[in-house]
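This report concerns only the one structure given below.
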Amino acid sequence: MQTVTIKPKSELTISVEAENISPDKFAGKSEKDIQSLEVWLGNHKTTLGDLFTIKVEGIGTAADVKIVMEGNFSRVKRIGEGMTAGLIMIKGDVDMHLGAKMSGGKITVAGNADSWAGREMKGGDIIIEGNAAYYLGSGYRGESCGMRGGKITVLGNTLDFAGEHMCGGEIYVNGNAGILAGISNNGGKIVIGGNTSRPGSEMSKGTIIIKGKVDEMMPVFKLEGTEAVDGVTYNKYTGDVIGNGKGLLYVLV
Amino acid sequence: MELLIKNGSVYDPVNGIKGDRTDISIRDGKIVDKVSSSASVIDAGGRVVMAGGVDAHSHIAGAKVNMGRIMRPEDTRLGIKPRTKITRPCTGYTVPNVYAMGYRYAQMGYTTVFEAAQAIMKARHTHEELEEIPIIDKGALTLFGSNWPTMDFVREKNMDKLAAYVAWGLLASRGFGIKCVNPGGGEMWGFGKNVTGLDDVVPNFEVTPREIIVSLMKVNETLKLPHSVHLHCNNLGKPGNYRTTLASMELADQVRARKDRQVLHVTHVTFNCWGGTNWGDFESKADEIANYLNNCDNVTTDMGQLIFGSATTMTADGPVQYANAKLLHAKWANGDVELEDASGVVPIFYAKQVSIHAIMWAMGLELALLTKDPYKVLLTTDHPNGGPFVNYPEVIALLMSNKKRQEEIKTLHALVNDRTKIPGITRELDFNDIAVMTRVGTAKVLGLLDTKGHLGAGSDADLSIYDIIPDQIDPSIEHAKIKSAFSSAAYTIKGGEIVVKDGEITATPAGRTYWVDATVPEEQTEIMMKDIRHKFKNYYSMNLANYAVQDEYVTHPEVIKAGAIPVEVS
């Protein structure tokens, strides 16, 4: 087991590109080695050790690495990018692109996550106890495939375009979602516990379940009657009919 | 400024040098017979020396290239390279930014590249990008095949007016030659339709693609343009289109060349040598095209080789792109250029296990290997339609190694064995053939053999040195080495200046832009301009005075004189 504890040295007001904060990058490295890993502070190249105090206990492979982050990381981007194993526990807020392209391991956030959390992730687990902003589990600009596998759980709310271009995996949002949740869904599963509006246009495959209220439905779905999922009865829709889509949309009756 | 390249294994087919140890002397940007003893010396150490690469068909600049960049932000994320002290930042793979275009060509040893299609109306955009592409010399072919004036003059059978229009269009676009894309089809696409063969009549104009192609070829020879008509055939992208391609090639017999080159260049044959009647019985007829080429000497072609992975199809053939977007459920951009053709852009991913893609992969190779004379098949990927140009070394390795081809075939959809001839072709090209397909042949097809594509005295001092010692390598077996050497030139020399060393950019001079100034009798132009003024007054959204590209947009011009009347030499 290798435990790495990270705290900001001072309040960060300029964004930090920290794709090097990842179990894969820390595995088997000493405190000094980790401190010397490169990060960008705005347009300026610096090191992790310059911005953060870092303590390391033990040593291990990526799967054995546990990264504990304490403090405010709301200007720190790309934490856990591309990670394949291990654990990151963040006891605060994080900036954009949390766990982008990750394929394994687990990230927990006690606070809020900014946009693009779990962007294009392939596997693993992200749990956000607060809120997530825009484009949760989506594909980045222009991509035809967003999240492809793994699971994202948000206990709070999320904003617009959750799961855009999803090709696989699961997103659970306990609270409300902004507009167009699951737009262009190509095979993922999205469950929204609260309310949303205009879910699932351009769906070709995949499933979206809305347990709260849908303010407005896109006129591109065909009502197929009602169906019970886990003992709850929903109106079942298929679509997007314009693209001959085979997506399933369940909305609470 | 003098430079001596010593001890190279030189491949210079024009001058009959086939790998012999030869010294190359350079003075003031030109190749000369000899230099003084104070010249700087590069010891090639027996490595391969060739003239700088010349590409006759690539989409490197202009409206549709930029449309590709706009609609594919995800492509920008590939190939990101920060700036250095001498290079600007690079982005993109299938649609790189302008800087990457120049650097990446130079790194492969290429020094001259032609953009294959610009509409006159969009030419200013093309030149704004060409201006920013570093290092390489370049030029752009101008679209004439579906322009309203072209079709009017063809209907009137008035070749004088058509010649005057082509000459004026080349001047207005600072263009290099006549490009003809799905003639007639671009106009019909404005009404949601397309032509289906050489004898379909284009409504409102009452002309056929056959008449357009033949008329443009005639005018091309009247004007004695350096390049021939450059044709993207009708019916491209449709199974069974090889018949249209063959019929188009036969049209070349109706016109006699007035320069030492072909009368017709049929481009990216991978996309128009298709047999079958639908996607189910789709098959390669590249052998039929090769057979035709083996028995004719007035037509040349290029491969348009398919490369597996990401590509961006972009063409002035608007209707074929709509069909592609529907077929692939892909994003689609459509461009309309008022009275001058159309365009479309659709991203695609070529997959080894998709039968159609596997068969298309074989087509370009079949064409190159079954055509006996390498001068008749140039090496291209129709960048970025078949794949990005950075994959030329992969194509070179495939052409030089049957072993590599057989290894590749094993990873492809099994139909490649039944629907193509590629598994049974054992021919392996040598360095001399490659020099023809990437240098001499290209320069000859473009009509630039005086100064490009070879290493004789008087030629431009553009050359590349590759980290291959010919007598110590068997390209058939060591194909990986061939690919890596051609990917990253040991030296690229452009105009006598070392621009690449060991695959890294060392200098970024501005390249020149070739365009053709063709003269016709003034009264002929005046008669033609009456029609043009009428078109601008009634149909164009812009003013004639704002139409032509000004000299400010071509700061390093290389003007080639041509024309129907003799040019006074003082």
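Numbering starts fresh at 1 for the residues of each chain in the structure tokens, the chains themselves are lettered A, B, ... in the order given, and ligands are numbered from 1 as they appear.
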
Quick check for you: according to DSSP on this backbone, which residues of segment 277-405 of chain B are classed as strand (DSSP E)? Reply as a short mmCIF file (atom, residue, chain, number, x, y, z; two decimals) with N, CA, C and O atoms, in the first residue's frame.
```cif
data_model
loop_
_atom_site.label_atom_id
_atom_site.label_comp_id
_atom_site.auth_asym_id
_atom_site.auth_seq_id
_atom_site.Cartn_x
_atom_site.Cartn_y
_atom_site.Cartn_z
N GLU B 283 -16.48 -4.94 -55.70
CA GLU B 283 -15.17 -5.56 -55.95
C GLU B 283 -14.24 -4.58 -56.64
O GLU B 283 -14.67 -3.54 -57.14
N SER B 284 -12.95 -4.95 -56.66
CA SER B 284 -11.94 -4.08 -57.28
C SER B 284 -11.86 -4.33 -58.78
O SER B 284 -11.80 -5.47 -59.23
N VAL B 299 -2.69 9.14 -70.74
CA VAL B 299 -3.40 9.30 -69.48
C VAL B 299 -2.47 8.91 -68.33
O VAL B 299 -1.74 7.93 -68.43
N THR B 300 -2.49 9.69 -67.25
CA THR B 300 -1.80 9.31 -66.02
C THR B 300 -2.81 9.29 -64.88
O THR B 300 -3.93 9.81 -65.02
N THR B 301 -2.41 8.68 -63.78
CA THR B 301 -3.32 8.55 -62.64
C THR B 301 -2.53 8.73 -61.34
O THR B 301 -1.30 8.78 -61.36
N ASP B 302 -3.25 8.83 -60.23
CA ASP B 302 -2.59 8.66 -58.94
C ASP B 302 -3.43 7.73 -58.08
O ASP B 302 -4.59 7.48 -58.36
N GLY B 309 -7.70 3.77 -40.38
CA GLY B 309 -7.74 4.73 -39.28
C GLY B 309 -8.58 5.92 -39.68
O GLY B 309 -9.44 5.84 -40.57
N SER B 310 -8.30 7.04 -39.03
CA SER B 310 -9.12 8.22 -39.21
C SER B 310 -8.76 8.95 -40.50
O SER B 310 -7.60 9.06 -40.85
N ALA B 311 -9.76 9.42 -41.22
CA ALA B 311 -9.56 10.25 -42.40
C ALA B 311 -10.68 11.26 -42.45
O ALA B 311 -11.69 11.12 -41.75
N THR B 312 -10.50 12.30 -43.25
CA THR B 312 -11.57 13.26 -43.46
C THR B 312 -11.78 13.38 -44.96
O THR B 312 -10.87 13.80 -45.67
N THR B 313 -12.94 12.95 -45.44
CA THR B 313 -13.17 13.07 -46.87
C THR B 313 -13.61 14.49 -47.16
O THR B 313 -14.46 15.05 -46.46
N MET B 314 -13.00 15.10 -48.16
CA MET B 314 -13.36 16.45 -48.55
C MET B 314 -13.18 16.58 -50.05
O MET B 314 -12.17 16.19 -50.60
N THR B 315 -14.19 17.08 -50.71
CA THR B 315 -14.12 17.15 -52.16
C THR B 315 -15.11 18.18 -52.67
O THR B 315 -16.04 18.56 -51.97
N ALA B 333 -20.60 18.47 -43.69
CA ALA B 333 -20.63 19.89 -44.03
C ALA B 333 -20.78 20.02 -45.53
O ALA B 333 -20.15 19.27 -46.29
N ASN B 334 -21.62 20.91 -45.96
CA ASN B 334 -21.86 21.11 -47.38
C ASN B 334 -21.50 22.55 -47.71
O ASN B 334 -21.81 23.46 -46.96
N GLY B 335 -20.82 22.73 -48.84
CA GLY B 335 -20.48 24.09 -49.25
C GLY B 335 -21.05 24.37 -50.62
O GLY B 335 -20.99 23.53 -51.52
N ASP B 336 -21.63 25.55 -50.79
CA ASP B 336 -22.10 25.93 -52.11
C ASP B 336 -21.29 27.13 -52.55
O ASP B 336 -21.09 28.06 -51.78
N ALA B 342 -19.54 22.97 -55.90
CA ALA B 342 -20.01 22.82 -54.53
C ALA B 342 -18.92 22.10 -53.78
O ALA B 342 -17.84 21.88 -54.31
N SER B 343 -19.16 21.74 -52.52
CA SER B 343 -18.20 20.90 -51.83
C SER B 343 -18.87 20.21 -50.66
O SER B 343 -19.98 20.57 -50.28
N GLY B 344 -18.18 19.23 -50.11
CA GLY B 344 -18.70 18.53 -48.95
C GLY B 344 -17.56 17.97 -48.14
O GLY B 344 -16.50 17.65 -48.69
N VAL B 345 -17.77 17.85 -46.82
CA VAL B 345 -16.76 17.29 -45.93
C VAL B 345 -17.43 16.29 -44.99
O VAL B 345 -18.46 16.61 -44.39
N VAL B 346 -16.88 15.09 -44.89
CA VAL B 346 -17.43 14.05 -44.01
C VAL B 346 -16.26 13.28 -43.39
O VAL B 346 -15.40 12.79 -44.13
N PRO B 347 -16.20 13.17 -42.06
CA PRO B 347 -15.15 12.34 -41.45
C PRO B 347 -15.46 10.86 -41.65
O PRO B 347 -16.63 10.48 -41.77
N ILE B 348 -14.42 10.07 -41.69
CA ILE B 348 -14.63 8.62 -41.84
C ILE B 348 -13.55 7.90 -41.06
O ILE B 348 -12.47 8.45 -40.82
N PHE B 349 -13.84 6.67 -40.64
CA PHE B 349 -12.83 5.83 -40.02
C PHE B 349 -12.74 4.56 -40.86
O PHE B 349 -13.70 3.81 -40.96
N TYR B 350 -11.59 4.33 -41.48
CA TYR B 350 -11.40 3.13 -42.30
C TYR B 350 -10.97 1.98 -41.39
O TYR B 350 -9.93 2.07 -40.72
N VAL B 377 1.36 6.10 -62.59
CA VAL B 377 0.62 6.03 -61.33
C VAL B 377 1.42 6.76 -60.25
O VAL B 377 2.46 6.27 -59.81
N LEU B 378 0.96 7.92 -59.85
CA LEU B 378 1.67 8.67 -58.83
C LEU B 378 1.25 8.21 -57.45
O LEU B 378 0.14 7.71 -57.25
#
```

List as a list in words the protein and nucleic acid residues near Gly175 of chain A, meaning an atom at most 7 Å away when only C-alpha atoms are counted, but skip any in the same chain fewer than 3 places from it. Leu155, Gly156, Asn157, Ile192, Gly193 and Gly194 of chain A

Exercise answer, chain B residues close to chain A, 10 Å and only C-alpha atoms, as a ChimeraX atom specification: /B:70-77,329-331

So the first atom is atom CA of Arg512 of chain B and the second is atom CA of Gly139 of chain B; what is the distance between them in Å, to one decimal place?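 Atom CA of Gly139 of chain B lies at a distance of 8.2 Å from atom CA of Arg512 of chain B.
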
Excluding segment 234-242 of chain A and residues on its chain fewer than 4 positions from it, collect all residues at most 9 Å away from it, counting only C-alpha atoms, and give them as a VMD selection string. chain A and resid 184 200 to 205 209 to 211 219 to 229 246 to 253

Report as an MDAnalysis selection string all protein, DNA and RNA residues lying within 8 Å of Arg258 of chain B, evaluated on only C-alpha atoms, omitting residues in the same chain fewer than 4 positions from it. chainID B and resid 221:222 224

When you look at segment 88-92 of chain B with a cut-off of 7 Å (counting only C-alpha atoms), what residues show up, excluding the ones that are within fewer than 5 positions of it in the same chain? I need them as a tab-separated table (two decimals) with all heavy atoms, in the first residue's frame.
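And here's result_24.tsv as it stands now:
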```tsv
chain	number	residue	atom	x	y	z
B	75	ASP	N	-10.11	16.21	-34.07
B	75	ASP	CA	-8.90	15.89	-34.82
B	75	ASP	C	-7.74	16.78	-34.38
B	75	ASP	O	-6.58	16.35	-34.37
B	75	ASP	CB	-9.16	16.08	-36.32
B	75	ASP	CG	-8.01	15.60	-37.18
B	75	ASP	OD1	-7.86	14.38	-37.31
B	75	ASP	OD2	-7.24	16.44	-37.67
B	76	THR	N	-8.07	18.00	-34.00
B	76	THR	CA	-7.05	18.94	-33.53
B	76	THR	C	-6.28	18.38	-32.34
B	76	THR	O	-5.11	18.67	-32.14
B	76	THR	CB	-7.75	20.26	-33.12
B	76	THR	OG1	-8.39	20.77	-34.27
B	76	THR	CG2	-6.77	21.28	-32.61
B	77	ARG	N	-6.96	17.56	-31.52
B	77	ARG	CA	-6.31	17.03	-30.31
B	77	ARG	C	-5.21	16.03	-30.65
B	77	ARG	O	-4.38	15.73	-29.80
B	77	ARG	CB	-7.36	16.33	-29.43
B	77	ARG	CG	-8.34	17.31	-28.81
B	77	ARG	CD	-9.61	16.60	-28.37
B	77	ARG	NE	-9.42	15.78	-27.20
B	77	ARG	CZ	-10.30	14.89	-26.74
B	77	ARG	NH1	-11.44	14.72	-27.37
B	77	ARG	NH2	-10.06	14.19	-25.67
B	78	LEU	N	-5.24	15.49	-31.88
B	78	LEU	CA	-4.19	14.55	-32.27
B	78	LEU	C	-3.02	15.35	-32.84
B	78	LEU	O	-3.22	16.33	-33.54
B	78	LEU	CB	-4.72	13.59	-33.33
B	78	LEU	CG	-6.00	12.86	-32.97
B	78	LEU	CD1	-6.59	12.21	-34.20
B	78	LEU	CD2	-5.74	11.82	-31.90
B	79	GLY	N	-1.83	14.93	-32.56
B	79	GLY	CA	-0.67	15.56	-33.20
B	79	GLY	C	-0.32	16.92	-32.66
B	79	GLY	O	0.25	17.74	-33.36
B	80	ILE	N	-0.69	17.19	-31.40
B	80	ILE	CA	-0.33	18.49	-30.82
B	80	ILE	C	1.16	18.53	-30.50
B	80	ILE	O	1.70	17.62	-29.88
B	80	ILE	CB	-1.17	18.77	-29.55
B	80	ILE	CG1	-2.62	19.04	-29.96
B	80	ILE	CG2	-0.60	19.96	-28.77
B	80	ILE	CD1	-3.55	19.29	-28.82
B	81	LYS	N	1.80	19.58	-30.97
B	81	LYS	CA	3.24	19.75	-30.70
B	81	LYS	C	3.47	21.23	-30.40
B	81	LYS	O	3.14	22.08	-31.22
B	81	LYS	CB	4.03	19.32	-31.94
B	81	LYS	CG	5.44	18.91	-31.64
B	81	LYS	CD	6.10	18.34	-32.88
B	81	LYS	CE	7.61	18.31	-32.69
B	81	LYS	NZ	8.31	18.13	-33.95
B	82	PRO	N	4.00	21.55	-29.22
B	82	PRO	CA	4.19	22.96	-28.89
B	82	PRO	C	5.22	23.62	-29.81
B	82	PRO	O	5.99	22.94	-30.46
B	82	PRO	CB	4.71	22.92	-27.45
B	82	PRO	CG	4.59	21.53	-27.00
B	82	PRO	CD	4.49	20.65	-28.19
B	83	ARG	N	5.21	24.92	-29.80
B	83	ARG	CA	6.18	25.65	-30.61
B	83	ARG	C	7.58	25.41	-30.08
B	83	ARG	O	7.78	25.06	-28.92
B	83	ARG	CB	5.85	27.14	-30.59
B	83	ARG	CG	6.10	27.76	-29.24
B	83	ARG	CD	5.90	29.25	-29.26
B	83	ARG	NE	6.17	29.77	-27.91
B	83	ARG	CZ	5.88	30.99	-27.52
B	83	ARG	NH1	5.29	31.82	-28.34
B	83	ARG	NH2	6.16	31.38	-26.30
B	97	ASN	N	-3.07	21.93	-38.83
B	97	ASN	CA	-3.02	23.38	-39.05
B	97	ASN	C	-2.00	23.70	-40.14
B	97	ASN	O	-1.23	22.84	-40.56
B	97	ASN	CB	-2.73	24.12	-37.73
B	97	ASN	CG	-1.37	23.80	-37.15
B	97	ASN	OD1	-0.75	22.82	-37.51
B	97	ASN	ND2	-0.91	24.64	-36.25
B	99	TYR	N	0.79	25.29	-40.34
B	99	TYR	CA	2.22	25.12	-40.08
B	99	TYR	C	2.61	23.64	-40.19
B	99	TYR	O	3.61	23.30	-40.81
B	99	TYR	CB	2.58	25.66	-38.70
B	99	TYR	CG	2.01	27.04	-38.47
B	99	TYR	CD1	1.15	27.30	-37.41
B	99	TYR	CD2	2.28	28.07	-39.36
B	99	TYR	CE1	0.60	28.56	-37.22
B	99	TYR	CE2	1.74	29.32	-39.19
B	99	TYR	CZ	0.90	29.57	-38.12
B	99	TYR	OH	0.35	30.79	-37.95
B	100	ALA	N	1.76	22.79	-39.57
B	100	ALA	CA	2.07	21.35	-39.59
B	100	ALA	C	2.13	20.83	-41.03
B	100	ALA	O	2.90	19.92	-41.33
B	100	ALA	CB	1.04	20.59	-38.78
```

With distances taken over only C-alpha atoms, which residue among A:Leu180, A:Val173, A:Met96, A:Ala162 lies nearest Ile127 of chain A?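 Residue with the minimum atom-to-atom distance to Ile127 of chain A: A:Val173.
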
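Compared by their closest atoms to Glu11 of chain A, and using only C-alpha atoms, the residues A:Phe26, A:Asp33, A:Gly231, A:Gly71 rank with A:Gly71 nearest.
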
When you count only C-alpha atoms, which of these residues is closest to Glu288 of chain B: B:Ala247, B:Ala117, B:Met151, B:Ile136?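 The answer is B:Ala247, which sits nearest to Glu288 of chain B.
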